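**Student:** Can you read through this structure? Questions will come right after.
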Amino acid sequence: MSDVLDSLVGGFWLNLQIFVMTLLMALPLGLVITFGSMTKFRPLRYLTRVFVWIIRGTPLMLQLFVVMYMPGLVFGIPMKSRMTAVLIAFVINYAAYFSEIYRGGIESIPKGQYEAGQVLGMTRSQVFFRVVLLQVVKRITPPMSNEVITLVKDTALARVVSVAEIIMCAERYTKQGLIWPLFSTGLFFLLFNGVLTLLFDYFEKKMDYFKG
């Protein structure tokens, strides 16, 4: 039994790595994509929005296969690390989703706030960082929390390119006649998402002083 638990914990450690690394890279990349999709330079804006449309319109599983196998099949340079392929696919996918959440939050702020700040002598960037940003953070927290919780569950897709995350580890023992490891994976995810839910609830309450 201890061997099974060790295997499950090792698998969950991979899920956790995918989760943390994806967030660390996708959150700032999503903001860059947002600025690209909102720029006044039309070619860049159209290119960015087409990119986001493609990423959001295709399954993450397909994107994992493309990142894993396309370099080898098309360019003759096989992907050496399956974990690297997983992280690339996850970061691109979630950066695209995050960018739309950012864009929705920024565009929800009345233009009058920018104009009022400029009347007071503030530059547009000063208005954004000193006046608008915290309001945007409050407005995007609920959809961002949903995406982050979805990311926790999506880490299980790493198994499609043979990264031994927790469900793949549990499945090996299920084939040997043990059913409890499979149910244990559900407990891992429930506890993880439960902690995240509590953290996001706490954060939303901290942001309650923005009533707008």
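As shown in the structure tokens, the chain order sets the letters A, B, ...; within each chain, residues go from 1, and ligands are also counted from 1 in the order they appear.
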Please provide as a list in words all residues within 9 Å of A:Ile149, with the sequence filter that same-chain residues fewer than 5 positions apart are discarded (counting only C-alpha atoms).

**Tutor:**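 Selected residues are Met144, Asp154, Phe192, Asn193, Leu196 and Thr197 of chain A.
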
**Student:** Please save C-alpha atoms of the selected residues as a PDB file, in the first residue's frame.

**Tutor:**
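So part_8.pdb came out as:
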```
ATOM      1  CA  MET A 144      -9.886  33.929 -13.102  1.00  0.00           C
ATOM      2  CA  ASP A 154      -6.747  19.926 -16.873  1.00  0.00           C
ATOM      3  CA  PHE A 192      -6.526  20.990  -3.898  1.00  0.00           C
ATOM      4  CA  ASN A 193      -9.510  22.772  -5.394  1.00  0.00           C
ATOM      5  CA  LEU A 196      -7.962  27.252  -3.899  1.00  0.00           C
ATOM      6  CA  THR A 197     -11.656  28.050  -3.458  1.00  0.00           C
TER       7      THR A 197
END
```

**Student:** If you run DSSP on the backbone here, which positions in stretch 105-208 of chain A get alpha helix (DSSP H)? Please write them as number ranges by chain.

**Tutor:** A: 105-107, 111-119, 124-127, 133-154, 166-174, 180-206

**Student:** Kindly indicate which residue among A:Phe35, A:Ile167, A:Val136, A:Met79 lies nearest to A:Trp180, using only C-alpha atoms for the distances.

**Tutor:**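 Of A:Phe35, A:Ile167, A:Val136, A:Met79, the one nearest A:Trp180, counting only C-alpha atoms, is A:Ile167.
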
**Student:** So that I can see what lies close to A:Asn15, please list as a count of residues only the residues with an atom at most 8 Å from it, counting only C-alpha atoms and leaving out residues fewer than 6 positions away in the same chain.

**Tutor:** 5

**Student:** List the spatial neighbours of A:Leu31 as a list in words - criterion: any atom at most 10 Å away, only C-alpha atoms, same-chain residues fewer than 5 positions off excluded.

**Tutor:**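 So, after excluding close chain neighbours, the residues are Ala26, Gly36, Ser37, Ala95, Ala96, Phe98, Ser99, Glu100, Ile101, Tyr102 and Arg103 of chain A.
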
**Student:** Write out as a list in words which residues come within 7 Å of A:Gln63 when counting only C-alpha atoms, dropping same-chain ones fewer than 4 positions away.

**Tutor:** Pro59, Val67 and Ala89 of chain A

**Student:** Quick one, how far is atom CA of A:Lys175 from atom CA of A:Val66?

**Tutor:**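 These atoms are spaced 28.8 Å apart.
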
**Student:** If I take atom CA of A:Ile109 and atom CA of A:Leu24, how far is one from the other in Å, to one decimal?

**Tutor:**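 For atom CA of A:Ile109 relative to atom CA of A:Leu24, the distance reads 25.9 Å.
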
**Student:** Can you work out which one of A:Glu147, A:Val160, A:Ser2, A:Phe128 has the shortest atom-to-atom distance to A:Pro181, counting only C-alpha atoms?

**Tutor:**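 Of all the options, A:Ser2 lies closest to A:Pro181.
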
**Student:** Within 12 Å of A:Ala85, counting only C-alpha atoms, which residues qualify if same-chain residues fewer than 5 places away don't, as a list of chain:residue names?

**Tutor:** A:Ile18, A:Thr22, A:Met61, A:Gln63, A:Leu64, A:Phe65, A:Val66, A:Val67, A:Met68, A:Tyr69, A:Met70, A:Pro71, A:Pro78, A:Met79, A:Lys80, A:Phe90, A:Val91, A:Ile92, A:Ala158, A:Arg159, A:Val160, A:Val161, A:Ser162, A:Val163

**Student:** Skip A:Ala116 itself and residues of its chain fewer than 4 positions away, then list as an mmCIF file with N, CA and C atoms, in the first residue's frame all residues within 12 Å of it, counting only C-alpha atoms.

**Tutor:**
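Done, and the output landed in out30.cif:
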```cif
data_model
loop_
_atom_site.group_PDB
_atom_site.id
_atom_site.type_symbol
_atom_site.label_atom_id
_atom_site.label_comp_id
_atom_site.auth_asym_id
_atom_site.auth_seq_id
_atom_site.Cartn_x
_atom_site.Cartn_y
_atom_site.Cartn_z
ATOM 1 N N PRO A 110 -15.144 52.341 -17.148
ATOM 2 C CA PRO A 110 -15.631 53.487 -17.939
ATOM 3 C C PRO A 110 -14.487 54.369 -18.435
ATOM 4 N N LYS A 111 -14.584 54.817 -19.673
ATOM 5 C CA LYS A 111 -13.542 55.670 -20.245
ATOM 6 C C LYS A 111 -13.435 56.999 -19.500
ATOM 7 N N GLY A 112 -14.514 57.386 -18.817
ATOM 8 C CA GLY A 112 -14.504 58.634 -18.066
ATOM 9 C C GLY A 112 -13.420 58.664 -17.004
ATOM 10 N N LEU A 120 -6.503 65.682 -14.580
ATOM 11 C CA LEU A 120 -5.728 65.975 -13.366
ATOM 12 C C LEU A 120 -4.217 65.978 -13.614
ATOM 13 N N GLY A 121 -3.837 65.761 -14.855
ATOM 14 C CA GLY A 121 -2.424 65.821 -15.208
ATOM 15 C C GLY A 121 -1.707 64.487 -15.202
ATOM 16 N N MET A 122 -2.437 63.396 -15.044
ATOM 17 C CA MET A 122 -1.826 62.062 -15.032
ATOM 18 C C MET A 122 -1.718 61.540 -16.467
ATOM 19 N N THR A 123 -0.656 60.790 -16.720
ATOM 20 C CA THR A 123 -0.532 60.146 -18.028
ATOM 21 C C THR A 123 -1.480 58.949 -18.073
ATOM 22 N N ARG A 124 -1.681 58.423 -19.278
ATOM 23 C CA ARG A 124 -2.592 57.276 -19.419
ATOM 24 C C ARG A 124 -2.086 56.064 -18.641
ATOM 25 N N GLN A 126 -0.212 56.153 -15.927
ATOM 26 C CA GLN A 126 -0.401 56.428 -14.505
ATOM 27 C C GLN A 126 -1.837 56.193 -14.085
ATOM 28 N N VAL A 127 -2.781 56.593 -14.926
ATOM 29 C CA VAL A 127 -4.195 56.352 -14.632
ATOM 30 C C VAL A 127 -4.453 54.854 -14.532
ATOM 31 N N PHE A 128 -3.858 54.095 -15.471
ATOM 32 C CA PHE A 128 -4.102 52.649 -15.485
ATOM 33 C C PHE A 128 -3.574 51.985 -14.214
ATOM 34 N N VAL A 131 -5.204 53.973 -10.805
ATOM 35 C CA VAL A 131 -6.654 54.100 -10.634
ATOM 36 C C VAL A 131 -7.411 52.874 -11.117
ATOM 37 N N VAL A 132 -7.050 52.397 -12.290
ATOM 38 C CA VAL A 132 -7.844 51.365 -12.966
ATOM 39 C C VAL A 132 -7.473 49.950 -12.540
#
```

**Student:** What is the atom CA of A:Leu14 to atom CA of A:Ser81 distance in Å?

**Tutor:**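 We find that atom CA of A:Leu14 and atom CA of A:Ser81 lie 13.7 Å from each other.
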